[in-house]
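> Data: my_file30.cif, mmCIF, C-alpha atoms and all ligand atoms; chains and numbers go by the auth columns.
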```
data_protein
#
loop_
_atom_site.group_PDB
_atom_site.id
_atom_site.type_symbol
_atom_site.label_atom_id
_atom_site.label_comp_id
_atom_site.label_asym_id
_atom_site.label_seq_id
_atom_site.Cartn_x
_atom_site.Cartn_y
_atom_site.Cartn_z
_atom_site.B_iso_or_equiv
_atom_site.auth_seq_id
_atom_site.auth_asym_id
ATOM 1 C CA MET A 1 28.859 6.516 -1.088 0.00 1 A
ATOM 2 C CA ALA A 2 26.038 9.040 -1.483 0.00 2 A
ATOM 3 C CA GLN A 3 22.614 7.769 -0.444 0.00 3 A
ATOM 4 C CA ARG A 4 19.799 7.813 -2.877 0.00 4 A
ATOM 5 C CA THR A 5 17.035 10.369 -2.356 0.00 5 A
ATOM 6 C CA TYR A 6 13.600 8.831 -2.885 0.00 6 A
ATOM 7 C CA ARG A 7 10.930 10.614 -4.897 0.00 7 A
ATOM 8 C CA ILE A 8 7.788 10.493 -2.788 0.00 8 A
ATOM 9 C CA ALA A 9 4.138 11.468 -3.211 0.00 9 A
ATOM 10 C CA ILE A 10 1.508 11.977 -0.530 0.00 10 A
ATOM 11 C CA VAL A 11 -1.970 10.789 -1.526 0.00 11 A
ATOM 12 C CA GLY A 12 -4.629 12.386 0.656 0.00 12 A
ATOM 13 C CA THR A 13 -3.590 15.662 2.259 0.00 13 A
ATOM 14 C CA GLY A 14 -5.847 15.664 5.324 0.00 14 A
ATOM 15 C CA GLY A 15 -5.152 15.319 9.022 0.00 15 A
ATOM 16 C CA ILE A 16 -2.427 12.714 9.062 0.00 16 A
ATOM 17 C CA ALA A 17 -0.590 13.786 5.911 0.00 17 A
ATOM 18 C CA GLY A 18 1.481 16.407 7.725 0.00 18 A
ATOM 19 C CA ALA A 19 2.960 13.752 9.994 0.00 19 A
ATOM 20 C CA HIS A 20 4.019 11.781 6.916 0.00 20 A
ATOM 21 C CA ALA A 21 5.480 14.873 5.279 0.00 21 A
ATOM 22 C CA ARG A 22 7.420 15.638 8.446 0.00 22 A
ATOM 23 C CA ALA A 23 8.733 12.072 8.578 0.00 23 A
ATOM 24 C CA VAL A 24 9.919 12.304 4.984 0.00 24 A
ATOM 25 C CA ARG A 25 11.625 15.602 5.663 0.00 25 A
ATOM 26 C CA ASP A 26 13.219 14.429 8.907 0.00 26 A
ATOM 27 C CA SER A 27 14.476 11.215 7.328 0.00 27 A
ATOM 28 C CA GLY A 28 16.749 13.188 5.039 0.00 28 A
ATOM 29 C CA ARG A 29 16.238 10.420 2.495 0.00 29 A
ATOM 30 C CA GLY A 30 13.150 11.565 0.623 0.00 30 A
ATOM 31 C CA ARG A 31 11.874 14.469 -1.414 0.00 31 A
ATOM 32 C CA LEU A 32 8.171 15.189 -1.694 0.00 32 A
ATOM 33 C CA VAL A 33 7.534 15.610 -5.401 0.00 33 A
ATOM 34 C CA ALA A 34 3.724 15.525 -5.516 0.00 34 A
ATOM 35 C CA ALA A 35 0.571 15.826 -3.438 0.00 35 A
ATOM 36 C CA VAL A 36 -2.774 14.296 -4.440 0.00 36 A
ATOM 37 C CA ASP A 37 -6.218 15.087 -3.124 0.00 37 A
ATOM 38 C CA VAL A 38 -9.721 15.216 -4.527 0.00 38 A
ATOM 39 C CA ASP A 39 -10.055 18.474 -2.585 0.00 39 A
ATOM 40 C CA ALA A 40 -7.967 20.821 -4.722 0.00 40 A
ATOM 41 C CA ASP A 41 -7.816 23.631 -2.164 0.00 41 A
ATOM 42 C CA ARG A 42 -6.590 21.268 0.519 0.00 42 A
ATOM 43 C CA ALA A 43 -3.969 19.803 -1.783 0.00 43 A
ATOM 44 C CA ARG A 44 -2.707 23.239 -2.770 0.00 44 A
ATOM 45 C CA ALA A 45 -2.506 24.406 0.842 0.00 45 A
ATOM 46 C CA PHE A 46 -0.607 21.264 1.782 0.00 46 A
ATOM 47 C CA ALA A 47 1.759 21.685 -1.151 0.00 47 A
ATOM 48 C CA LYS A 48 2.439 25.262 -0.151 0.00 48 A
ATOM 49 C CA GLU A 49 3.095 24.357 3.479 0.00 49 A
ATOM 50 C CA TRP A 50 5.456 21.491 2.634 0.00 50 A
ATOM 51 C CA ASP A 51 7.023 22.953 -0.493 0.00 51 A
ATOM 52 C CA VAL A 52 5.705 20.231 -2.791 0.00 52 A
ATOM 53 C CA PRO A 53 6.122 21.208 -6.447 0.00 53 A
ATOM 54 C CA ARG A 54 3.187 19.386 -8.056 0.00 54 A
ATOM 55 C CA VAL A 55 -0.461 18.819 -7.157 0.00 55 A
ATOM 56 C CA PHE A 56 -2.847 16.280 -8.703 0.00 56 A
ATOM 57 C CA ALA A 57 -6.539 15.539 -8.306 0.00 57 A
ATOM 58 C CA SER A 58 -6.238 11.768 -8.623 0.00 58 A
ATOM 59 C CA LEU A 59 -3.792 8.933 -8.291 0.00 59 A
ATOM 60 C CA ASP A 60 -4.189 8.058 -11.968 0.00 60 A
ATOM 61 C CA GLU A 61 -3.181 11.591 -12.908 0.00 61 A
ATOM 62 C CA LEU A 62 -0.181 11.360 -10.644 0.00 62 A
ATOM 63 C CA LEU A 63 1.012 8.035 -12.007 0.00 63 A
ATOM 64 C CA GLY A 64 0.669 9.296 -15.558 0.00 64 A
ATOM 65 C CA ALA A 65 2.865 12.293 -14.840 0.00 65 A
ATOM 66 C CA GLU A 66 5.503 11.403 -12.252 0.00 66 A
ATOM 67 C CA GLU A 67 8.191 8.779 -11.780 0.00 67 A
ATOM 68 C CA LEU A 68 7.924 7.811 -8.120 0.00 68 A
ATOM 69 C CA ASP A 69 9.789 5.601 -5.708 0.00 69 A
ATOM 70 C CA LEU A 70 7.185 5.750 -2.948 0.00 70 A
ATOM 71 C CA ALA A 71 3.659 6.919 -2.285 0.00 71 A
ATOM 72 C CA HIS A 72 2.262 7.470 1.179 0.00 72 A
ATOM 73 C CA ILE A 73 -1.444 6.638 1.048 0.00 73 A
ATOM 74 C CA CYS A 74 -3.124 8.953 3.556 0.00 74 A
ATOM 75 C CA SER A 75 -6.660 8.818 2.195 0.00 75 A
ATOM 76 C CA PRO A 76 -9.513 6.773 3.697 0.00 76 A
ATOM 77 C CA PRO A 77 -9.042 3.006 3.235 0.00 77 A
ATOM 78 C CA ASP A 78 -12.232 2.438 1.232 0.00 78 A
ATOM 79 C CA ARG A 79 -10.774 4.654 -1.484 0.00 79 A
ATOM 80 C CA THR A 80 -7.489 2.816 -1.768 0.00 80 A
ATOM 81 C CA ARG A 81 -8.179 -0.890 -2.228 0.00 81 A
ATOM 82 C CA ARG A 82 -8.199 -0.635 -6.000 0.00 82 A
ATOM 83 C CA TRP A 83 -4.960 1.343 -5.917 0.00 83 A
ATOM 84 C CA ARG A 84 -3.201 -1.206 -3.778 0.00 84 A
ATOM 85 C CA ARG A 85 -4.149 -3.941 -6.197 0.00 85 A
ATOM 86 C CA GLY A 86 -2.833 -1.840 -9.060 0.00 86 A
ATOM 87 C CA ALA A 87 0.332 -1.152 -7.110 0.00 87 A
ATOM 88 C CA SER A 88 1.453 -4.755 -7.432 0.00 88 A
ATOM 89 C CA ARG A 89 2.570 -4.041 -10.975 0.00 89 A
ATOM 90 C CA PRO A 90 6.388 -4.110 -11.150 0.00 90 A
ATOM 91 C CA ALA A 91 6.657 -0.592 -12.502 0.00 91 A
ATOM 92 C CA SER A 92 4.556 0.880 -9.723 0.00 92 A
ATOM 93 C CA PRO A 93 5.971 2.642 -6.713 0.00 93 A
ATOM 94 C CA ARG A 94 6.169 1.091 -3.290 0.00 94 A
ATOM 95 C CA TRP A 95 3.250 2.081 -1.102 0.00 95 A
ATOM 96 C CA TRP A 96 3.312 3.248 2.488 0.00 96 A
ATOM 97 C CA LYS A 97 -0.032 3.456 4.173 0.00 97 A
ATOM 98 C CA SER A 98 -1.011 5.376 7.192 0.00 98 A
ATOM 99 C CA ARG A 99 -0.716 2.797 9.956 0.00 99 A
ATOM 100 C CA ARG A 100 -4.230 2.704 11.343 0.00 100 A
ATOM 101 C CA SER A 101 -5.654 1.551 8.013 0.00 101 A
ATOM 102 C CA SER A 102 -2.866 -0.711 6.825 0.00 102 A
ATOM 103 C CA ARG A 103 -2.957 -3.783 9.048 0.00 103 A
ATOM 104 C CA SER A 104 -4.021 -6.230 6.376 0.00 104 A
ATOM 105 C CA THR A 105 -2.879 -4.353 3.363 0.00 105 A
ATOM 106 C CA SER A 106 0.714 -3.224 3.101 0.00 106 A
ATOM 107 C CA SER A 107 1.992 -4.195 -0.293 0.00 107 A
ATOM 108 C CA THR A 108 5.171 -3.633 -2.158 0.00 108 A
ATOM 109 C CA SER A 109 6.169 -3.439 -5.756 0.00 109 A
HETATM 110 N N1 LIG B . -5.585 11.369 11.714 0.00 1 B
HETATM 111 C C1 LIG B . -4.866 10.462 12.383 0.00 1 B
HETATM 112 O O1 LIG B . -4.368 10.703 13.512 0.00 1 B
HETATM 113 C C2 LIG B . -4.583 9.109 11.794 0.00 1 B
HETATM 114 C C3 LIG B . -3.608 8.306 12.383 0.00 1 B
HETATM 115 C C4 LIG B . -3.274 7.094 11.788 0.00 1 B
HETATM 116 C C5 LIG B . -3.939 6.686 10.660 0.00 1 B
HETATM 117 N N2 LIG B . -4.907 7.467 10.092 0.00 1 B
HETATM 118 C C6 LIG B . -5.564 6.950 8.885 0.00 1 B
HETATM 119 O O2 LIG B . -5.137 7.743 7.790 0.00 1 B
HETATM 120 C C7 LIG B . -6.198 7.876 6.854 0.00 1 B
HETATM 121 C C8 LIG B . -6.481 9.354 6.648 0.00 1 B
HETATM 122 O O3 LIG B . -6.803 9.929 7.908 0.00 1 B
HETATM 123 P P1 LIG B . -6.943 11.513 8.068 0.00 1 B
HETATM 124 O O4 LIG B . -7.235 11.751 9.493 0.00 1 B
HETATM 125 O O5 LIG B . -5.792 12.222 7.424 0.00 1 B
HETATM 126 O O6 LIG B . -8.285 11.750 7.215 0.00 1 B
HETATM 127 P P2 LIG B . -8.783 13.129 6.567 0.00 1 B
HETATM 128 O O7 LIG B . -10.227 12.903 6.275 0.00 1 B
HETATM 129 O O8 LIG B . -8.378 14.292 7.386 0.00 1 B
HETATM 130 O O9 LIG B . -7.965 13.205 5.207 0.00 1 B
HETATM 131 C C9 LIG B . -8.182 12.318 4.134 0.00 1 B
HETATM 132 C C10 LIG B . -7.891 13.071 2.859 0.00 1 B
HETATM 133 O O10 LIG B . -7.995 12.161 1.777 0.00 1 B
HETATM 134 C C11 LIG B . -8.607 12.854 0.724 0.00 1 B
HETATM 135 N N3 LIG B . -9.187 11.891 -0.205 0.00 1 B
HETATM 136 C C12 LIG B . -10.346 11.189 -0.105 0.00 1 B
HETATM 137 N N4 LIG B . -10.540 10.434 -1.191 0.00 1 B
HETATM 138 C C13 LIG B . -9.470 10.647 -1.996 0.00 1 B
HETATM 139 C C14 LIG B . -9.109 10.159 -3.274 0.00 1 B
HETATM 140 N N5 LIG B . -9.889 9.285 -3.938 0.00 1 B
HETATM 141 N N6 LIG B . -7.946 10.599 -3.827 0.00 1 B
HETATM 142 C C15 LIG B . -7.159 11.474 -3.165 0.00 1 B
HETATM 143 N N7 LIG B . -7.457 11.986 -1.939 0.00 1 B
HETATM 144 C C16 LIG B . -8.603 11.573 -1.379 0.00 1 B
HETATM 145 C C17 LIG B . -9.662 13.738 1.386 0.00 1 B
HETATM 146 O O11 LIG B . -10.091 14.793 0.541 0.00 1 B
HETATM 147 C C18 LIG B . -8.882 14.218 2.594 0.00 1 B
HETATM 148 O O12 LIG B . -8.160 15.417 2.327 0.00 1 B
HETATM 149 C C19 LIG B . -7.390 7.111 7.443 0.00 1 B
HETATM 150 O O13 LIG B . -7.375 5.812 6.909 0.00 1 B
HETATM 151 C C20 LIG B . -7.070 7.082 8.919 0.00 1 B
HETATM 152 O O14 LIG B . -7.664 5.953 9.533 0.00 1 B
HETATM 153 C C21 LIG B . -5.219 8.671 10.622 0.00 1 B
#
```
Please, can you express the file's structure as structure tokens?
Ligand SMILES: NC(=O)c1ccc[n+]([C@@H]2O[C@H](COP(=O)([O-])OP(=O)(O)OC[C@H]3O[C@@H](n4cnc5c(N)ncnc54)[C@H](O)[C@@H]3O)[C@@H](O)[C@H]2O)c1

Amino acid sequence: MAQRTYRIAIVGTGGIAGAHARAVRDSGRGRLVAAVDVDADRARAFAKEWDVPRVFASLDELLGAEELDLAHICSPPDRTRRWRRGASRPASPRWWKSRRSSRSTSSTS
């Protein structure tokens, strides 16, 4: 049976985001469909490097425009608490956080 390919976004396209993009690519199970960053130039450069079709300036914009299965949160933790709370809604994607900032916080849909 064919395996499902997950639609994945990267939120925060700084230093650690490339490692997450590589992991998605190497898994063979995911497709990066969007990149989000408040720094538009950084997001565009990341999208170009990793062949990500859409770029957004905020998580709210992303969630209004894309159907996701997963989002990798690679932005600083102080920016993401509100998002993680919002992510407990059933219709929201599952969230993967960059490990160093996720010890007390990993949440799922
Ligand atoms: N760099 C590492 O080796 C490493 C390893 C493990 C975990 N982490 C954790 O991952 C997180 C990110 O680390 P980094 O080194 O990539 O930081 P970074 O500063 O290089 O990148 C963070 C990115 O998030 C973006 N950002 C900030 N606020 C945002 C918002 N509201 N919406 C969207 N994007 C936003 C910034 O513009 C920036 O591009 C941190 O919590 C860090 O502790 C980093």
> Find the residues near Tyr6 of chain A: any atom within 9 Å, counting all atoms listed in the file, skip ones fewer than 3 places away on the same chain, and give them as a ChimeraX atom specification.
/A:29-32,68-70
> With only C-alpha atoms and all ligand atoms as the atoms that count, which of A:Lys48, A:Arg54, A:Arg4, A:His72 lies nearest to ligand LIG 1 (chain B)?
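Checking each candidate against ligand LIG 1 (chain B), we get A:His72 as the closest.
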> Using all atoms listed in the file, can you tell me which of A:Glu67, A:Asp37, A:Pro76, A:Gly18 comes closest to Asp51 of chain A?
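Smallest distance to Asp51 of chain A is found for A:Gly18.
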> Using only C-alpha atoms and all ligand atoms for the distances, tell me which of A:Glu66, A:Ala40, A:Ala57, A:Gly15 is nearest to ligand LIG 1 (chain B).
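Closest candidate: A:Gly15.
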> Using all atoms listed in the file, can you tell me which of A:Ala71, A:Ile10, A:Ala65, A:Ile16 comes closest to ligand LIG 1 (chain B)?
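That would be A:Ile16, the residue with the smallest distance to ligand LIG 1 (chain B).
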